[in-house]
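The structure appears right after this line, and notes come after that.
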Amino acid sequence: MKRFFLLLTVLLLLAAACSQSADTPTDTGASTSNESTTNEAASTESTAAEAVDVIKVGALYPLTGPDAGWAGDPYIKSHQMAIDEINAAGGIACLGGAKLELVKGDTEGTAEAGNSEMERLITQEGVVAVMGSALSGTTLPSSQIAERFEVPYIVPNALDGKITDQGLKYVFQTVSTLQGWGADDVAWAKSMGAKTAVIAVPNFTFGAEVEEAWKAGIEAEGIELLDTIVYDGGAQDFTDTILKVKAADPDVWFALGNNQAPQMAKQAKEQGYYPKMGIISLGSGFGSTFFLNEAGADVADGLIITQDFAPVSALNVSEELKLKFKEYTGQDLGGTYNTTYASTWLLADALEAACSTDPKVLAETLHTTTFTDGEGKWGFQWPEASFDEHGRLEQAATVIAQWQNGQMVAVWPEELAAAEAVWPVPGWDERNGPITGAVIEQPEPETAAGIMGILNSAEVSEAALASDYSQAILADAATIVDTSTFQKEGPYVIAVSQQDASNGWGNTYNVTMSAYGDQLLADGVLSEPLLTAVTNDANQQISDIENFIEQQPDAIVVEPLGRAASTTVIKRAINAGIPVVLCANGIEGDDFTARVDVDFYEVAYKSGIGLAELMGGKGKVVIFNGIAGVDSTETWQAAALDALSNYPDIEIIATEYAQWNIATAKQKMEAIMAANPEIDGVWAGGGEMALGAGLAFEDAGVEAPKFAMVNVPNGFLRLAQEHGYEFVGAPDPPSMARYCLQTAVDILQGKEVTKFISLRTLMDGADPYDNTDFVQWYVPELNDDFIPPATVDIENYIAGGFERK
């Protein structure tokens, strides 16, 4: 956007132009890049806050037609409640306090009307995103319209997994899928003793999809399917369906309904039929307040419903929120109305993070950001929020609930259950009152399970960002780099200077850089292979960069080996007109073009706090550092020591430099263990050394201590999985090399970048995690030396020497 307005050179029109951008989503201004959300979001920060008063958001639902009662107005109210709260809290602060406006579209329950309304919302109303549309049959086709116009489509309540199986870039499904729910339904029924089943679904697309999911689960679990009944979706008389189910006499009746559900359940009671064990459904049809109000609690009680949330569960959901939601919407906080409300708040956070009304920037932000600050917004449902490569929310859960005494009560999974299921469910004439299961008292969470909550708390986050180092990074992250002086036509020649492959971090970095360079060469972005120099000697790196300056490449990517040593030669490159991207380490001063990394101080401080909390605030600690003098080594150590200094009962008994080498760390750990039989914690400024220490404890047959580290190697994750280690890991992943190289390309293409670009906006796997959530990062095909996550194809790492043998 900045370049666009500079070309106009009419600064007095800036406010008007930015305001217009909010109403024209197909041409809203901000330059975009598939690789860097932070760059693009920051580019709008200085102008959008002044220009945007209202941000229009589309809501696409069946506002008329047979499904309007449960799938229209309640969802609109769920969105509107969140929007009212967002606006009351000041709107989107980054965009000058812009307020959200909900613009409604009516699908009428048909694909044709849904597609037409989707196009109207985008092209005529100028929405920055669309949310909806409850019915998978309208959501699937309308998702193609959103994709064509490149506008984010947030799907909080349409369940078909095919919505996000299409490979679309602009579709984001925040609810878990019917395919997963169907499989979990059947597995749960099998675990509860069911041997036979009947399926009954309406004759529309969603019914066929659910039938397919249940059949797949039934086959997988070995349950006998006695009959499948497809009924008229517009019917009001279900006598024939009920009689067919009764004749089959199943243990379980898998029943699907939308607006028909209350009539079906009431008529089953009128006819005196209940299956031998129970009725199981999924979605909102049998699981909403609409159903409860229409059918009555005496009919609802006992039904098993699978969704992504239950109003009564072990989740910490405030009674105030549940009451307020019920008063505003007329619905209980459930039935995917919960997800609709939460997703609206999540969209507001994405707008804040993007700092832009450009739908492309917004979509990229959703793809690349892990949202962690959900308290008071969407945090009642998800601990954090991030999307996978398909556009599915990774934290979306499956919850099996039962209507008990007129409430939806979670009965599975165990960690969310608030009561035991009443199963088999008593028949209609066997009940003496409301159905209620025994209350389940959830155990207090183990210390490790609460560590991430402590690390993400406002108190710890504020302390982690208080250092001069972090404040300088925050300032750089808000500084837009003028790339116009470097812009040129490709293809390009890019030089890279990096450490050698003597440790897992360096080899992971180098393989990633080489593989992505080869990809850019094949794509015609580079004119020749990367000019590459590798060394672990800071003086040799100076010589290498001087040689690069003589060769006049279009850009240089440097992994500095000395914070002070590299400064002068990098300044010479800048003075020679060559943009320099710092990757993985910083230098003194600001004579560089951009840096791609994490905040060293922040991640190491949090890892130090994590170790102290794992140890209960007391005990003896060993500190391992990498290579003396390197920016990362010294900053990590300083931050960890600052963190541990908050705990007077923690004693540091040894500090060693182990060059980020597994064998060296193992040897040093063995010597320390010989002199210190009691060791309660190990902190490592580089996870290779934590792995070496762990191997020393395993070889000695001694119980391992608690661990914390910056970077977590594959081998440590293997040991953690095998031996149940308690640990905190704060990644500074070497596979960032891909994004450092892409940033150099962005600069040469004249795209806007910021002086500091956080990896957390670019890739998954750059946020701290602990032993409660690490398996997703372990790569069993690769050996212990590899540092996850992978950002190029696994085959590249295998070819680069990481194959597990």
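Every chain in the structure tokens takes a letter, A first, then B, and so on in the order presented; its residues are numbered from 1, and the ligands are numbered from 1 following the presented order.
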For stretch 741-756 of chain A, please output as a JSON list (two decimals) with C-alpha atoms, in the first residue's frame all residues within 6 Å (counting only C-alpha atoms; exclusion window: fewer than 5 positions along the same chain).
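Dumped everything to around_39.json:
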[["chain", "number", "residue", "atom", "x", "y", "z"],
["A", 39, "ASN", "CA", 6.06, -7.42, 6.74],
["A", 476, "ASP", "CA", 12.75, -2.92, 14.78],
["A", 477, "ALA", "CA", 9.56, -4.97, 14.33],
["A", 479, "THR", "CA", 10.12, -0.15, 11.58],
["A", 480, "ILE", "CA", 9.27, -0.42, 7.90],
["A", 481, "VAL", "CA", 12.25, -0.85, 5.58],
["A", 483, "THR", "CA", 13.11, -1.58, -0.15],
["A", 484, "SER", "CA", 12.69, 0.60, -3.23],
["A", 486, "PHE", "CA", 17.06, -2.53, -3.71],
["A", 487, "GLN", "CA", 14.20, -3.37, -6.07],
["A", 488, "LYS", "CA", 15.26, -4.90, -9.37],
["A", 594, "ALA", "CA", 16.33, -6.97, 8.00],
["A", 595, "ARG", "CA", 16.61, -9.74, 10.57]]
Can you tell me, as a compact mmCIF listing (two decimals) with C-alpha atoms, in the first residue's frame, what residues are no more than 12 Å from A:Gln381 when counting only C-alpha atoms, ignoring any on the same chain fewer than 3 positions away?
# COMPACT_ATOMS: atom_id res chain seq x y z
CA THR A 174 -12.69 -23.51 13.26
CA VAL A 175 -15.03 -26.38 14.14
CA ASP A 308 -16.83 -29.55 19.64
CA PHE A 309 -17.92 -28.21 23.02
CA ALA A 310 -20.35 -28.81 25.86
CA PRO A 311 -21.68 -26.05 28.13
CA SER A 313 -17.59 -29.70 31.12
CA ALA A 314 -14.23 -29.58 32.88
CA LEU A 315 -13.33 -26.48 30.85
CA ASN A 316 -13.08 -23.32 32.89
CA VAL A 317 -16.10 -21.52 31.40
CA SER A 318 -17.44 -18.70 33.54
CA LEU A 321 -20.40 -15.84 30.11
CA LEU A 333 -23.33 -21.78 25.01
CA GLY A 334 -23.06 -24.90 22.85
CA THR A 336 -21.55 -24.66 17.68
CA TYR A 337 -23.02 -21.28 18.66
CA ASN A 338 -20.08 -21.28 21.06
CA THR A 339 -17.65 -21.73 18.18
CA THR A 340 -19.38 -18.98 16.22
CA TYR A 341 -18.95 -16.53 19.09
CA ALA A 342 -15.34 -17.59 19.73
CA SER A 343 -14.43 -17.41 16.03
CA TRP A 345 -13.29 -12.84 18.58
CA LEU A 346 -10.53 -14.81 16.82
CA GLY A 374 -7.62 -15.72 24.24
CA GLU A 375 -8.53 -14.82 27.81
CA GLY A 376 -11.90 -13.15 28.00
CA LYS A 377 -12.46 -13.76 24.29
CA TRP A 378 -12.11 -17.22 22.75
CA GLU A 384 -4.49 -21.25 21.76
CA ALA A 385 -5.48 -21.05 18.11
CA LEU A 393 -8.07 -25.11 13.49
CA GLN A 395 -7.07 -27.01 18.58
CA ALA A 396 -10.66 -27.86 17.53
CA ALA A 397 -11.84 -30.64 19.84
CA THR A 398 -14.38 -33.46 19.76
CA VAL A 399 -16.66 -33.63 22.80
CA LEU A 416 -13.24 -32.86 29.73
Worksheet entry | Members of stretch 121-241 of chain A assigned alpha helix (DSSP H) by DSSP, as number ranges by chain | A: 121-123, 136-149, 178-191, 205-221, 239-241
Worksheet entry | Separation of atom CA of A:Gly91 from atom CA of A:Pro152, in Å and rounded to one decimal | 19.6 Å
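Near stretch 768-776 of chain A, within a cut-off of 6 Å and counting only C-alpha atoms, sit the residues Glu726, Phe727, Val728, Gly729 and Ala730 of chain A, with same-chain residues fewer than 3 positions away left out.
Residue neighbourhood of A:Gln499, excluding near-sequence residues (fewer than 3 positions): Gly506, Val534, Thr535 and Asn536 of chain A, at 6 Å, using only C-alpha atoms.
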Worksheet item: Near stretch 73-81 of chain A, within 10 Å and counting only C-alpha atoms, which residues show up once chain neighbours fewer than 3 positions away are dropped, as a PyMOL selection string?
Response: chain A and resi 57+59-64+67-70+84-86+100-104+131-134+156-157+288-290+324-326+328-331+333+335-345
Output for the residues just chosen: N, CA and C atoms as a compact mmCIF listing (two decimals), in the first residue's frame:
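The result, stored in part_18.txt:
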# COMPACT_ATOMS: atom_id res chain seq x y z
N VAL A 57 -17.79 -7.09 8.05
CA VAL A 57 -17.60 -8.53 8.11
C VAL A 57 -18.90 -9.20 7.69
N ALA A 59 -21.77 -12.18 7.26
CA ALA A 59 -22.33 -13.33 7.98
C ALA A 59 -23.34 -13.99 7.03
N LEU A 60 -23.03 -15.18 6.56
CA LEU A 60 -23.81 -15.86 5.53
C LEU A 60 -24.53 -17.05 6.14
N TYR A 61 -25.88 -16.95 6.25
CA TYR A 61 -26.66 -17.99 6.92
C TYR A 61 -28.04 -18.11 6.29
N PRO A 62 -28.74 -19.23 6.56
CA PRO A 62 -30.14 -19.35 6.10
C PRO A 62 -31.06 -18.52 6.98
N LEU A 63 -31.27 -17.29 6.61
CA LEU A 63 -32.10 -16.38 7.41
C LEU A 63 -33.58 -16.62 7.13
N THR A 64 -33.86 -17.27 6.02
CA THR A 64 -35.22 -17.71 5.70
C THR A 64 -35.15 -19.17 5.30
N ASP A 67 -34.53 -24.07 7.77
CA ASP A 67 -33.48 -24.18 8.78
C ASP A 67 -33.20 -22.86 9.49
N ALA A 68 -33.97 -21.82 9.19
CA ALA A 68 -33.69 -20.50 9.75
C ALA A 68 -33.79 -20.49 11.27
N GLY A 69 -34.70 -21.29 11.84
CA GLY A 69 -34.91 -21.26 13.28
C GLY A 69 -33.68 -21.62 14.08
N TRP A 70 -32.95 -22.64 13.66
CA TRP A 70 -31.77 -23.06 14.41
C TRP A 70 -30.47 -22.60 13.76
N ASP A 84 -20.38 -6.75 19.38
CA ASP A 84 -20.72 -5.70 20.35
C ASP A 84 -19.64 -5.58 21.42
N GLU A 85 -19.15 -6.72 21.89
CA GLU A 85 -18.11 -6.70 22.92
C GLU A 85 -16.80 -6.15 22.37
N ILE A 86 -16.45 -6.54 21.15
CA ILE A 86 -15.22 -6.06 20.52
C ILE A 86 -15.26 -4.55 20.36
N LEU A 100 -16.25 -3.00 14.10
CA LEU A 100 -16.72 -4.05 13.21
C LEU A 100 -18.21 -3.88 12.94
N GLU A 101 -18.60 -4.13 11.71
CA GLU A 101 -20.01 -4.08 11.32
C GLU A 101 -20.38 -5.41 10.66
N LEU A 102 -21.41 -6.06 11.18
CA LEU A 102 -21.85 -7.35 10.62
C LEU A 102 -22.83 -7.10 9.48
N VAL A 103 -22.49 -7.62 8.31
CA VAL A 103 -23.34 -7.49 7.12
C VAL A 103 -23.90 -8.87 6.80
N LYS A 104 -25.22 -9.01 6.81
CA LYS A 104 -25.85 -10.32 6.69
C LYS A 104 -26.14 -10.69 5.24
N MET A 131 -18.18 -15.04 7.41
CA MET A 131 -18.31 -16.14 8.36
C MET A 131 -19.62 -16.87 8.10
N GLY A 132 -19.60 -18.19 8.23
CA GLY A 132 -20.81 -18.97 8.03
C GLY A 132 -20.47 -20.37 7.52
N SER A 133 -21.43 -21.08 6.96
CA SER A 133 -22.82 -20.73 6.79
C SER A 133 -23.73 -21.82 7.36
N ALA A 134 -23.25 -22.53 8.41
CA ALA A 134 -24.01 -23.54 9.17
C ALA A 134 -24.29 -24.82 8.39
N PRO A 156 -17.26 -21.60 11.23
CA PRO A 156 -17.29 -22.06 12.61
C PRO A 156 -18.37 -23.09 12.91
N ASN A 157 -19.19 -23.45 11.91
CA ASN A 157 -20.37 -24.24 12.24
C ASN A 157 -20.83 -25.18 11.13
N SER A 288 -29.09 -28.46 20.34
CA SER A 288 -29.19 -27.02 20.54
C SER A 288 -30.29 -26.67 21.53
N THR A 289 -30.27 -25.42 21.98
CA THR A 289 -31.36 -24.93 22.82
C THR A 289 -32.67 -24.92 22.05
N PHE A 290 -32.60 -24.69 20.73
CA PHE A 290 -33.78 -24.76 19.87
C PHE A 290 -34.43 -26.14 20.01
N LYS A 324 -24.78 -14.64 30.18
CA LYS A 324 -24.85 -13.52 29.25
C LYS A 324 -25.16 -14.01 27.84
N PHE A 325 -24.54 -15.13 27.45
CA PHE A 325 -24.76 -15.68 26.12
C PHE A 325 -26.21 -16.12 25.96
N LYS A 326 -26.73 -16.77 26.98
CA LYS A 326 -28.12 -17.24 26.93
C LYS A 326 -29.09 -16.05 26.83
N TYR A 328 -28.46 -13.08 25.61
CA TYR A 328 -28.30 -12.34 24.34
C TYR A 328 -28.85 -13.13 23.16
N THR A 329 -28.53 -14.41 23.10
CA THR A 329 -28.83 -15.20 21.90
C THR A 329 -30.08 -16.07 22.04
N GLY A 330 -30.47 -16.33 23.27
CA GLY A 330 -31.56 -17.28 23.48
C GLY A 330 -31.11 -18.72 23.44
N GLN A 331 -29.81 -18.94 23.29
CA GLN A 331 -29.25 -20.29 23.19
C GLN A 331 -28.27 -20.53 24.33
N LEU A 333 -24.66 -21.86 25.61
CA LEU A 333 -23.33 -21.78 25.01
C LEU A 333 -22.92 -23.18 24.57
N GLY A 335 -23.77 -26.16 20.91
CA GLY A 335 -24.42 -26.32 19.61
C GLY A 335 -23.71 -25.64 18.47
N THR A 336 -22.42 -25.42 18.59
CA THR A 336 -21.55 -24.66 17.68
C THR A 336 -21.87 -23.16 17.67
N TYR A 337 -22.86 -22.71 18.46
CA TYR A 337 -23.02 -21.28 18.66
C TYR A 337 -21.82 -20.76 19.45
N ASN A 338 -21.29 -21.61 20.33
CA ASN A 338 -20.08 -21.28 21.06
C ASN A 338 -18.91 -21.00 20.12
N THR A 339 -18.76 -21.87 19.12
CA THR A 339 -17.65 -21.73 18.18
C THR A 339 -17.83 -20.49 17.32
N THR A 340 -19.07 -20.17 17.01
CA THR A 340 -19.38 -18.98 16.22
C THR A 340 -18.98 -17.72 16.98
N TYR A 341 -19.34 -17.66 18.24
CA TYR A 341 -18.95 -16.53 19.09
C TYR A 341 -17.43 -16.45 19.22
N ALA A 342 -16.79 -17.58 19.54
CA ALA A 342 -15.34 -17.59 19.73
C ALA A 342 -14.61 -17.21 18.45
N SER A 343 -15.10 -17.67 17.31
CA SER A 343 -14.43 -17.41 16.03
C SER A 343 -14.51 -15.94 15.65
N THR A 344 -15.57 -15.26 16.08
CA THR A 344 -15.68 -13.82 15.80
C THR A 344 -14.60 -13.06 16.57
N TRP A 345 -14.39 -13.44 17.81
CA TRP A 345 -13.29 -12.84 18.58
C TRP A 345 -11.93 -13.17 17.96
Worksheet item: Near A:Ala573, within 10 Å and counting only C-alpha atoms, which residues show up once chain neighbours fewer than 2 positions away are dropped, as a PyMOL selection string?
Response: chain A and resi 545-546+548-550+552+555-556+568-571+575-580+591-592
Discussion item. When you look at A:Val128 with a cut-off of 7 Å (counting only C-alpha atoms), what residues show up, excluding the ones that are within fewer than 6 positions of it in the same chain? I need them as a count of residues only.
Written reply: 7
